[in-house]
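Participant: File follows, upload00.txt with compact mmCIF, C-alpha atoms and all ligand atoms:
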```txt
# COMPACT_ATOMS: atom_id res chain seq x y z
CA MET X 15 -25.86 -15.33 -33.27
CA THR X 16 -22.54 -13.59 -32.83
CA SER X 17 -20.12 -15.22 -30.44
CA SER X 18 -18.87 -12.97 -27.66
CA PRO X 19 -15.18 -12.02 -28.02
CA VAL X 20 -12.78 -14.06 -25.89
CA LYS X 21 -11.59 -12.10 -22.89
CA LYS X 22 -7.90 -11.36 -23.27
CA THR X 23 -5.45 -12.24 -20.50
CA ASN X 24 -4.15 -9.09 -18.83
CA LEU X 25 -0.42 -9.77 -18.49
CA LEU X 26 -0.20 -7.22 -15.66
CA ASP X 27 -2.15 -9.73 -13.58
CA LEU X 28 0.65 -12.31 -13.77
CA ASP X 29 3.68 -12.68 -11.54
CA ARG X 30 6.59 -14.76 -12.86
CA GLU X 31 5.17 -18.09 -11.79
CA ALA X 32 1.80 -17.37 -13.38
CA MET X 33 3.40 -16.03 -16.54
CA VAL X 34 5.67 -19.06 -16.93
CA ASP X 35 2.62 -21.33 -16.55
CA TRP X 36 0.73 -19.26 -19.08
CA PHE X 37 3.47 -19.43 -21.72
CA VAL X 38 4.04 -23.14 -21.16
CA GLN X 39 0.32 -23.74 -21.58
CA MET X 40 0.39 -22.05 -24.96
CA GLY X 41 3.30 -24.29 -25.97
CA GLU X 42 6.05 -21.69 -25.50
CA ARG X 43 9.30 -21.92 -23.57
CA SER X 44 9.38 -20.57 -20.03
CA PHE X 45 12.05 -17.92 -20.73
CA ARG X 46 9.39 -15.97 -22.64
CA ALA X 47 8.16 -14.83 -19.22
CA SER X 48 11.46 -13.05 -18.52
CA GLN X 49 11.46 -11.40 -21.93
CA VAL X 50 7.90 -10.15 -21.69
CA MET X 51 8.21 -9.02 -18.07
CA LYS X 52 11.21 -6.87 -19.00
CA TRP X 53 9.35 -5.30 -21.91
CA ILE X 54 6.32 -4.50 -19.82
CA HIS X 55 7.76 -3.41 -16.49
CA GLN X 56 11.23 -2.12 -17.29
CA ARG X 57 10.78 -0.69 -20.77
CA GLY X 58 7.13 0.27 -20.37
CA VAL X 59 6.12 -1.33 -23.68
CA THR X 60 2.47 -2.28 -24.09
CA ASP X 61 2.44 -2.97 -27.84
CA PHE X 62 3.46 -6.54 -28.63
CA ASP X 63 4.77 -5.47 -32.03
CA GLN X 64 7.57 -3.60 -30.30
CA MET X 65 8.78 -6.67 -28.40
CA THR X 66 11.48 -7.34 -30.94
CA ASP X 67 13.10 -10.36 -29.33
CA LEU X 68 9.88 -12.35 -29.82
CA ASN X 69 9.30 -13.84 -33.26
CA LYS X 70 6.57 -12.37 -35.43
CA THR X 71 4.23 -15.34 -35.09
CA LEU X 72 4.36 -15.14 -31.32
CA ARG X 73 3.84 -11.38 -31.36
CA ALA X 74 0.75 -11.79 -33.50
CA ALA X 75 -0.54 -14.60 -31.27
CA LEU X 76 -0.05 -12.46 -28.15
CA ALA X 77 -1.88 -9.53 -29.68
CA ASN X 78 -4.89 -11.83 -30.16
CA ILE X 79 -5.07 -13.36 -26.73
CA ALA X 80 -3.32 -10.95 -24.35
CA GLU X 81 -3.25 -7.31 -23.38
CA ILE X 82 -1.53 -4.97 -20.96
CA GLY X 83 -4.56 -3.37 -19.32
CA LEU X 84 -3.92 -0.37 -17.08
CA PRO X 85 -6.04 1.87 -14.88
CA GLU X 86 -6.81 5.22 -16.48
CA ILE X 87 -5.25 8.39 -15.06
CA VAL X 88 -8.12 10.77 -14.29
CA SER X 89 -5.96 13.48 -12.76
CA GLU X 90 -2.41 14.16 -11.69
CA GLN X 91 -1.69 16.72 -8.98
CA ARG X 92 1.71 17.97 -7.96
CA SER X 93 2.30 19.46 -4.53
CA SER X 94 4.57 22.44 -3.91
CA ASP X 95 6.91 19.97 -2.12
CA GLY X 96 7.23 17.74 -5.19
CA THR X 97 4.75 15.07 -4.05
CA TYR X 98 2.53 13.66 -6.79
CA LYS X 99 -0.97 12.29 -6.40
CA TRP X 100 -2.84 10.41 -9.10
CA LEU X 101 -6.52 9.62 -9.21
CA LEU X 102 -6.94 6.40 -11.20
CA ARG X 103 -10.18 5.06 -12.65
CA LEU X 104 -10.70 1.31 -12.62
CA GLU X 105 -12.98 -0.90 -14.64
CA GLY X 106 -16.47 -0.45 -13.23
CA GLY X 107 -15.99 3.24 -12.48
CA ASN X 108 -14.44 3.32 -8.99
CA CYS X 109 -11.35 5.46 -8.47
CA ILE X 110 -8.32 4.95 -6.24
CA GLU X 111 -5.34 7.12 -5.36
CA THR X 112 -1.57 6.66 -5.58
CA VAL X 113 1.07 9.01 -4.16
CA TYR X 114 4.76 9.53 -4.94
CA ILE X 115 6.94 11.21 -2.31
CA PRO X 116 10.42 12.34 -3.41
CA GLU X 117 13.16 12.74 -0.80
CA THR X 118 16.86 13.45 -1.19
CA GLU X 119 18.02 9.87 -0.92
CA ARG X 120 14.94 8.01 -2.07
CA GLY X 121 11.59 8.13 -3.80
CA THR X 122 8.65 6.38 -2.17
CA LEU X 123 5.53 5.25 -3.96
CA CYS X 124 2.48 4.77 -1.75
CA ILE X 125 -0.01 2.41 -3.39
CA SER X 126 -3.57 1.27 -2.67
CA SER X 127 -4.67 -2.34 -2.25
CA GLN X 128 -8.46 -2.05 -2.09
CA VAL X 129 -11.23 0.20 -3.37
CA GLY X 130 -12.01 1.92 -0.08
CA CYS X 131 -11.56 0.05 3.18
CA ALA X 132 -13.78 -2.10 5.35
CA LEU X 133 -12.06 -1.37 8.66
CA GLU X 134 -13.61 1.97 9.65
CA CYS X 135 -10.70 3.38 11.64
CA SER X 136 -12.20 6.52 13.12
CA PHE X 137 -9.37 8.90 12.11
CA CYS X 138 -8.96 7.75 8.49
CA SER X 139 -10.59 9.35 5.48
CA THR X 140 -10.57 6.14 3.43
CA GLY X 141 -12.57 4.47 6.19
CA TYR X 142 -15.26 7.12 5.77
CA GLN X 143 -15.61 6.37 2.06
CA GLY X 144 -16.82 2.83 2.62
CA PHE X 145 -15.67 -0.27 0.79
CA ASN X 146 -16.29 -1.65 -2.66
CA ARG X 147 -13.89 -4.44 -3.59
CA ASN X 148 -10.37 -5.79 -3.64
CA LEU X 149 -7.94 -4.60 -6.31
CA SER X 150 -6.65 -7.08 -8.88
CA VAL X 151 -2.91 -7.67 -9.31
CA ALA X 152 -3.06 -5.61 -12.52
CA GLU X 153 -4.63 -2.73 -10.60
CA ILE X 154 -2.01 -2.86 -7.84
CA VAL X 155 0.96 -3.33 -10.17
CA GLY X 156 -0.60 -0.89 -12.66
CA GLN X 157 -0.15 1.90 -10.09
CA ILE X 158 3.60 1.24 -10.10
CA TRP X 159 3.73 0.94 -13.90
CA LEU X 160 1.97 4.28 -14.39
CA ALA X 161 3.93 6.16 -11.71
CA HIS X 162 7.18 4.79 -13.09
CA ARG X 163 6.34 6.18 -16.56
CA VAL X 164 5.76 9.66 -15.10
CA ILE X 165 8.57 9.74 -12.55
CA GLY X 166 11.23 8.12 -14.71
CA PHE X 167 14.84 7.26 -14.10
CA ARG X 168 17.78 8.62 -12.14
CA GLY X 169 21.09 9.50 -13.77
CA ASP X 170 22.44 5.98 -13.16
CA GLY X 171 19.58 4.41 -15.11
CA ARG X 172 17.73 3.09 -12.07
CA SER X 173 14.14 3.96 -11.30
CA LYS X 174 13.49 7.03 -9.17
CA ILE X 175 11.00 4.86 -7.28
CA THR X 176 13.34 3.26 -4.75
CA ASN X 177 10.73 2.24 -2.14
CA ILE X 178 7.16 1.06 -2.25
CA VAL X 179 4.78 1.23 0.68
CA LEU X 180 1.40 -0.50 0.80
CA MET X 181 -0.03 2.38 2.81
CA GLY X 182 -2.59 3.82 0.45
CA MET X 183 -6.27 2.98 0.44
CA GLY X 184 -7.32 -0.37 1.88
CA GLU X 185 -6.10 -3.09 4.22
CA PRO X 186 -3.52 -5.08 2.23
CA LEU X 187 -3.79 -8.22 4.37
CA LEU X 188 -7.51 -8.46 3.58
CA ASN X 189 -6.56 -8.79 -0.10
CA PHE X 190 -3.85 -11.30 0.67
CA ASP X 191 -3.38 -13.35 -2.51
CA LYS X 192 -3.44 -10.40 -4.90
CA VAL X 193 -1.11 -8.39 -2.66
CA VAL X 194 1.40 -11.24 -2.41
CA LYS X 195 1.44 -11.73 -6.20
CA SER X 196 1.93 -7.98 -6.62
CA ILE X 197 4.82 -8.05 -4.13
CA ASN X 198 6.37 -10.85 -6.22
CA VAL X 199 6.38 -8.48 -9.20
CA MET X 200 7.88 -5.64 -7.11
CA LEU X 201 10.73 -7.91 -6.03
CA ASP X 202 11.33 -9.61 -9.40
CA ASP X 203 14.60 -8.67 -11.10
CA ASP X 204 12.91 -8.67 -14.51
CA ALA X 205 10.27 -6.24 -13.21
CA TYR X 206 10.93 -3.65 -10.47
CA GLY X 207 13.80 -5.46 -8.72
CA LEU X 208 13.28 -3.98 -5.26
CA SER X 209 14.77 -5.59 -2.18
CA LYS X 210 12.41 -6.84 0.54
CA ARG X 211 13.72 -4.12 2.81
CA ARG X 212 12.41 -1.48 0.42
CA VAL X 213 8.88 -2.82 0.22
CA THR X 214 6.76 -2.10 3.30
CA LEU X 215 3.34 -3.47 4.03
CA SER X 216 1.28 -1.52 6.53
CA THR X 217 -1.53 -3.31 8.34
CA ALA X 218 -4.07 -2.55 11.03
CA GLY X 219 -3.17 -5.99 12.40
CA VAL X 220 -4.82 -8.99 10.74
CA ILE X 221 -2.97 -11.56 12.85
CA PRO X 222 -3.55 -14.83 10.91
CA ALA X 223 -2.50 -13.18 7.65
CA LEU X 224 0.73 -11.94 9.26
CA GLU X 225 1.76 -15.48 9.93
CA ARG X 226 1.10 -16.43 6.31
CA LEU X 227 2.86 -13.35 4.96
CA ARG X 228 6.06 -14.25 6.75
CA GLU X 229 6.11 -17.59 4.96
CA VAL X 230 5.57 -16.25 1.45
CA ALA X 231 7.01 -12.71 1.30
CA ASP X 232 8.65 -11.37 4.43
CA VAL X 233 8.78 -7.73 3.35
CA SER X 234 9.21 -4.90 5.87
CA LEU X 235 6.29 -4.63 8.23
CA ALA X 236 4.53 -1.54 9.59
CA VAL X 237 1.66 -1.88 12.04
CA SER X 238 -0.93 0.76 12.80
CA LEU X 239 -0.91 0.71 16.59
CA HIS X 240 -2.13 4.23 17.55
CA ALA X 241 -2.93 3.34 21.18
CA ALA X 242 -1.22 1.48 23.99
CA ASP X 243 -4.39 0.21 25.65
CA ASP X 244 -7.19 -1.93 24.24
CA ALA X 245 -10.06 0.33 25.32
CA LEU X 246 -8.74 3.25 23.27
CA ARG X 247 -7.53 1.12 20.36
CA ASN X 248 -11.00 -0.44 20.12
CA VAL X 249 -12.31 3.04 19.32
CA LEU X 250 -9.53 4.12 16.94
CA VAL X 251 -8.99 0.80 15.15
CA PRO X 252 -12.15 -1.30 15.63
CA LEU X 253 -10.31 -4.38 14.30
CA ASN X 254 -8.65 -4.40 17.73
CA LYS X 255 -11.79 -6.00 19.18
CA LYS X 256 -10.94 -9.08 17.15
CA TYR X 257 -7.14 -8.90 17.38
CA PRO X 258 -6.15 -7.08 20.60
CA ILE X 259 -2.80 -5.45 21.32
CA LYS X 260 -0.97 -8.18 23.21
CA ALA X 261 -1.72 -10.85 20.61
CA LEU X 262 -0.83 -8.42 17.83
CA LEU X 263 2.55 -7.56 19.36
CA ASP X 264 3.34 -11.23 19.79
CA ALA X 265 2.48 -11.91 16.14
CA CYS X 266 4.76 -9.01 15.14
CA GLU X 267 7.59 -10.44 17.22
CA ALA X 268 7.12 -13.77 15.50
CA TYR X 269 7.26 -12.00 12.13
CA VAL X 270 10.82 -10.77 12.75
CA ALA X 271 11.97 -13.66 14.95
CA GLY X 272 15.32 -15.07 13.90
CA SER X 273 16.45 -11.78 12.32
CA PRO X 274 17.71 -9.74 15.27
CA ARG X 275 18.39 -6.66 13.14
CA LYS X 276 14.90 -6.45 11.70
CA LYS X 277 12.42 -4.14 13.36
CA VAL X 278 8.68 -3.75 13.08
CA THR X 279 7.60 -0.14 12.58
CA TYR X 280 4.72 0.82 14.86
CA GLU X 281 2.72 3.69 13.44
CA TYR X 282 1.12 6.05 15.92
CA VAL X 283 -1.11 8.86 14.71
CA MET X 284 -0.90 11.90 17.00
CA LEU X 285 -4.41 13.01 18.03
CA GLU X 286 -4.68 15.96 20.38
CA GLY X 287 -6.08 15.03 23.79
CA VAL X 288 -6.81 11.47 22.67
CA ASN X 289 -3.56 9.49 22.64
CA ASP X 290 -0.76 12.07 23.09
CA SER X 291 -0.32 12.43 26.89
CA VAL X 292 2.83 11.79 28.92
CA LYS X 293 1.12 8.84 30.57
CA GLN X 294 0.27 7.30 27.21
CA ALA X 295 3.82 7.78 25.95
CA LYS X 296 5.15 5.94 29.00
CA GLN X 297 2.58 3.20 28.51
CA LEU X 298 3.64 2.79 24.87
CA ALA X 299 7.31 2.72 25.82
CA GLY X 300 6.57 0.00 28.39
CA LEU X 301 4.66 -2.02 25.84
CA LEU X 302 7.40 -1.94 23.21
CA GLN X 303 10.45 -2.12 25.42
CA GLY X 304 12.60 -5.17 24.70
CA ARG X 305 10.85 -5.79 21.39
CA GLN X 306 12.33 -5.44 17.89
CA ALA X 307 10.43 -2.23 17.43
CA LYS X 308 10.70 1.31 16.15
CA VAL X 309 8.04 3.98 16.26
CA ASN X 310 6.76 6.25 13.56
CA LEU X 311 4.75 9.16 14.94
CA ILE X 312 2.33 10.50 12.33
CA PRO X 313 0.90 13.99 12.87
CA PHE X 314 -2.85 13.59 12.24
CA ASN X 315 -3.94 14.83 8.82
CA PRO X 316 -7.40 16.33 8.96
CA PHE X 317 -10.23 15.69 6.50
CA PRO X 318 -13.73 17.22 6.44
CA GLU X 319 -15.61 14.53 8.40
CA ALA X 320 -12.96 14.12 11.10
CA ASP X 321 -13.69 14.89 14.74
CA TYR X 322 -10.01 14.86 15.72
CA LYS X 323 -7.30 17.52 15.84
CA ARG X 324 -3.58 17.17 15.18
CA SER X 325 -1.49 17.21 18.36
CA PRO X 326 0.53 20.41 18.69
CA GLN X 327 4.21 20.08 17.79
CA SER X 328 5.19 20.47 21.46
CA SER X 329 3.12 17.40 22.44
CA ILE X 330 4.57 15.38 19.55
CA ASP X 331 8.11 16.32 20.61
CA ARG X 332 7.38 15.52 24.26
CA PHE X 333 5.93 12.14 23.26
CA ARG X 334 8.95 11.38 21.08
CA ASP X 335 11.41 12.34 23.83
CA ILE X 336 9.81 9.90 26.26
CA LEU X 337 10.06 7.05 23.75
CA VAL X 338 13.65 7.94 22.84
CA ALA X 339 14.60 8.09 26.53
CA ALA X 340 13.21 4.56 26.86
CA GLY X 341 15.57 3.44 24.11
CA LEU X 342 13.11 3.26 21.23
CA VAL X 343 14.08 4.51 17.78
CA THR X 344 11.36 7.09 17.10
CA ILE X 345 10.80 9.15 14.00
CA THR X 346 8.16 11.79 13.42
CA ARG X 347 6.83 11.36 9.90
CA LYS X 348 7.07 14.49 7.80
CA THR X 349 3.73 15.54 6.44
CA ARG X 350 3.98 15.64 2.68
CA GLY X 351 1.58 16.58 -0.06
CA GLU X 352 -0.90 18.17 2.32
CA ASP X 353 -1.90 20.89 -0.17
CA ILE X 354 -3.14 18.18 -2.57
CA ASP X 355 -4.79 16.02 0.15
CA GLY X 356 -2.12 13.43 -0.50
CA ALA X 357 -0.96 12.94 3.08
CA CYS X 358 -1.49 9.79 5.18
CA GLY X 359 -5.13 9.10 5.76
CA GLN X 360 -6.37 11.67 3.26
CA LEU X 361 -6.76 9.38 0.26
CA ALA X 362 -10.37 9.22 -0.70
CA GLY X 363 -10.73 8.21 -4.34
CA GLN X 364 -14.28 7.88 -5.64
CA ILE X 365 -15.99 4.86 -4.27
CA VAL X 366 -19.29 3.27 -4.94
CA ASP X 367 -19.81 2.18 -1.34
CA LYS X 368 -21.23 -1.29 -0.93
CA THR X 369 -21.34 -1.13 2.84
CA ARG X 370 -23.90 1.70 2.93
CA ARG X 371 -21.68 3.34 5.48
CA GLN X 372 -22.51 6.90 4.47
CA GLN X 373 -26.21 6.06 4.68
CA ARG X 374 -25.89 4.47 8.12
CA ARG X 375 -23.96 7.46 9.37
CA MET X 376 -26.56 9.89 8.12
CA SER X 377 -29.44 8.08 9.74
CA ALA X 378 -27.46 7.87 12.98
CA THR X 379 -27.04 11.65 12.84
CA GLU X 380 -30.76 12.09 12.29
CA ARG X 381 -31.53 9.84 15.27
CA GLY X 382 -28.84 11.45 17.39
N1 LIG X 401 -4.84 -0.39 6.33
C1 LIG X 401 -3.44 -0.21 6.48
C2 LIG X 401 -2.80 0.73 5.47
C3 LIG X 401 -3.46 2.04 5.15
S1 LIG X 401 -3.29 3.39 6.25
C4 LIG X 401 -3.12 0.21 7.90
O1 LIG X 401 -4.03 0.40 8.67
O2 LIG X 401 -1.95 0.29 8.24
C5 LIG X 401 -1.63 3.89 6.25
C6 LIG X 401 -1.26 4.65 7.53
O3 LIG X 401 -1.83 5.96 7.59
C7 LIG X 401 -1.73 3.91 8.76
O4 LIG X 401 -0.77 3.91 9.77
C8 LIG X 401 -2.91 4.76 9.16
O5 LIG X 401 -3.24 4.54 10.49
C9 LIG X 401 -2.42 6.15 8.87
N2 LIG X 401 -3.51 7.14 8.81
C10 LIG X 401 -4.80 6.92 8.49
N3 LIG X 401 -5.51 8.05 8.58
C11 LIG X 401 -4.66 9.02 8.97
C12 LIG X 401 -4.80 10.43 9.19
N4 LIG X 401 -5.95 11.04 9.02
N5 LIG X 401 -3.70 11.11 9.56
C13 LIG X 401 -2.52 10.50 9.70
N6 LIG X 401 -2.32 9.18 9.49
C14 LIG X 401 -3.38 8.44 9.13
```
Now, as a test, write the supplied structure out as structure tokens.
Ligand code: SAH
Facilitator:
Amino acid sequence: MTSSPVKKTNLLDLDREAMVDWFVQMGERSFRASQVMKWIHQRGVTDFDQMTDLNKTLRAALANIAEIGLPEIVSEQRSSDGTYKWLLRLEGGNCIETVYIPETERGTLCISSQVGCALECSFCSTGYQGFNRNLSVAEIVGQIWLAHRVIGFRGDGRSKITNIVLMGMGEPLLNFDKVVKSINVMLDDDAYGLSKRRVTLSTAGVIPALERLREVADVSLAVSLHAADDALRNVLVPLNKKYPIKALLDACEAYVAGSPRKKVTYEYVMLEGVNDSVKQAKQLAGLLQGRQAKVNLIPFNPFPEADYKRSPQSSIDRFRDILVAAGLVTITRKTRGEDIDGACGQLAGQIVDKTRRQQRRMSATERG
């Protein structure tokens, strides 16, 4: 009988704490973690033989028991506005998407946290794909590693990726542990060295996880609000039935409590005739007034199955003006990468759906 090969440890799965433990367990000193993290994340080296500040014996040992396992780039698209979108294949065959958005002063990488999404928000393309599984730390961090290799460095030697947003496919707070470990790597000075301000987690509002997140990694917070009343939000973001608006806003306040200058970003997708009226703008202003809040209006990005339309620019401007008049900092998000389906809510990947959502929808259509 042949013995099955030992599964190698994927070092991309380890944040500093885990890597220190791992080295100590193999009888090495803890500073090896710093050395190896720098090689992997900052210098992009995946071949242990090139890690020249490790002795030869250790390099050979690492090659036997460890690897740097990355998702595979299936395709890379570049939009006319400079936005990149990558389709990445994971072990098991599912694919996820990652987007890079260059701006004058910064470069933002939008990464995925799950294969598909379980939340079924009615205006989101990922929701229509169904859900398969959580991403591993290596699959979350691997998106940054790969994008960093393509995008490269600025003149001053720093990465062109200055900001990371967990706004791709999936609900990050439903993959809590893996997301927190990945955030640790984003913030680590031997890896990507980003400040907490420059890492933003976007959530549909998983209240208990928000409380835990604040304790372990209080990065910038964005919340997908999209409606100012529970009846409408129940339809747009079904998770609202479990965690309604008032409780969500209170949890958000608690998240930034004690830091008067911090603000929660409330995302609000602009859907024509659904949530973009004057009355609804006033309602939203009333809801957020006096809170540590700013608003990000997102023009709806269509996808084939969607029943919604983007609000006309005049309605978006009118909505914004009402919020601004009420004293709320309000920004309309620029739509980027639309020609490559890389805009918010358009990320679809290739998902083996475990929820049978497509099937349920089809039989509902037949019945209907
Ligand atoms: N699950 C998380 C993160 C993923 S969605 C969340 O709900 O926040 C990232 C942002 O894109 C959210 O604000 C989401 O509501 C928005 N979005 C989803 N579909 C969209 C679409 N079709 N057009 C514009 N924005 C969309």
Participant: Can you tell me which residues surround stretch 98-108 of chain X at a distance of at most 6 Å, considering only C-alpha atoms, apart from same-chain residues fewer than 4 positions away, and format the answer as a PyMOL selection string?
Facilitator: chain X and resi 85-92+112-114+364-365
Participant: Take atom CA of X:Leu180 and atom CA of X:Ile125 and report the distance between them in Å, one decimal.
Facilitator: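 The value is 5.3 Å.
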Participant: Nearest residue to X:Thr349 out of X:Val251, X:Leu76, X:Ile115, X:Ile259, using all atoms listed in the file?
Facilitator: X:Ile115
Participant: Of the residues X:Arg305, X:Lys70, X:Lys293, X:Arg163, which is the one nearest to X:Arg332, using all atoms listed in the file?
Facilitator: X:Lys293
Participant: Just how far from atom CA of X:Thr97 is atom CA of X:Ala320, in Å to one decimal?
Facilitator: 23.3 Å
Participant: Rank nothing, just name the residue among X:Lys260, X:His55, X:Lys255, X:Arg120 nearest to X:Leu301, using all atoms listed in the file.
Facilitator: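 Looking at the shortest contact to X:Leu301, the residue is X:Lys260.
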Participant: Of the residues X:Leu187, X:Met200, X:Cys358, X:Leu302, which is the one nearest to X:Thr279, using all atoms listed in the file?
Facilitator: X:Leu302
Participant: Show me which residues line ligand LIG 401 (chain X), defined as having an atom within 6 Å of a ligand atom where all atoms listed in the file count, and present them as a list in words.
Facilitator: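 For ligand LIG 401 (chain X), the residues inside 6 Å are Phe137, Cys138, Met181, Gly182, Met183, Gly184, Glu185, Ser216, Thr217, Ala218, Val237, Ser238, Glu281, Val283, Ile312, Pro313, Phe314, Asn315, Pro316, Cys358, Gly359 and Gln360 of chain X.
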Participant: Which residues come within 10 Å of X:Val50, counting all atoms listed in the file, excluding same-chain residues fewer than 4 positions away, as a ChimeraX atom specification?
Facilitator: /X:25,33,45-46,54-57,59-60,62,65,67-68,204-205
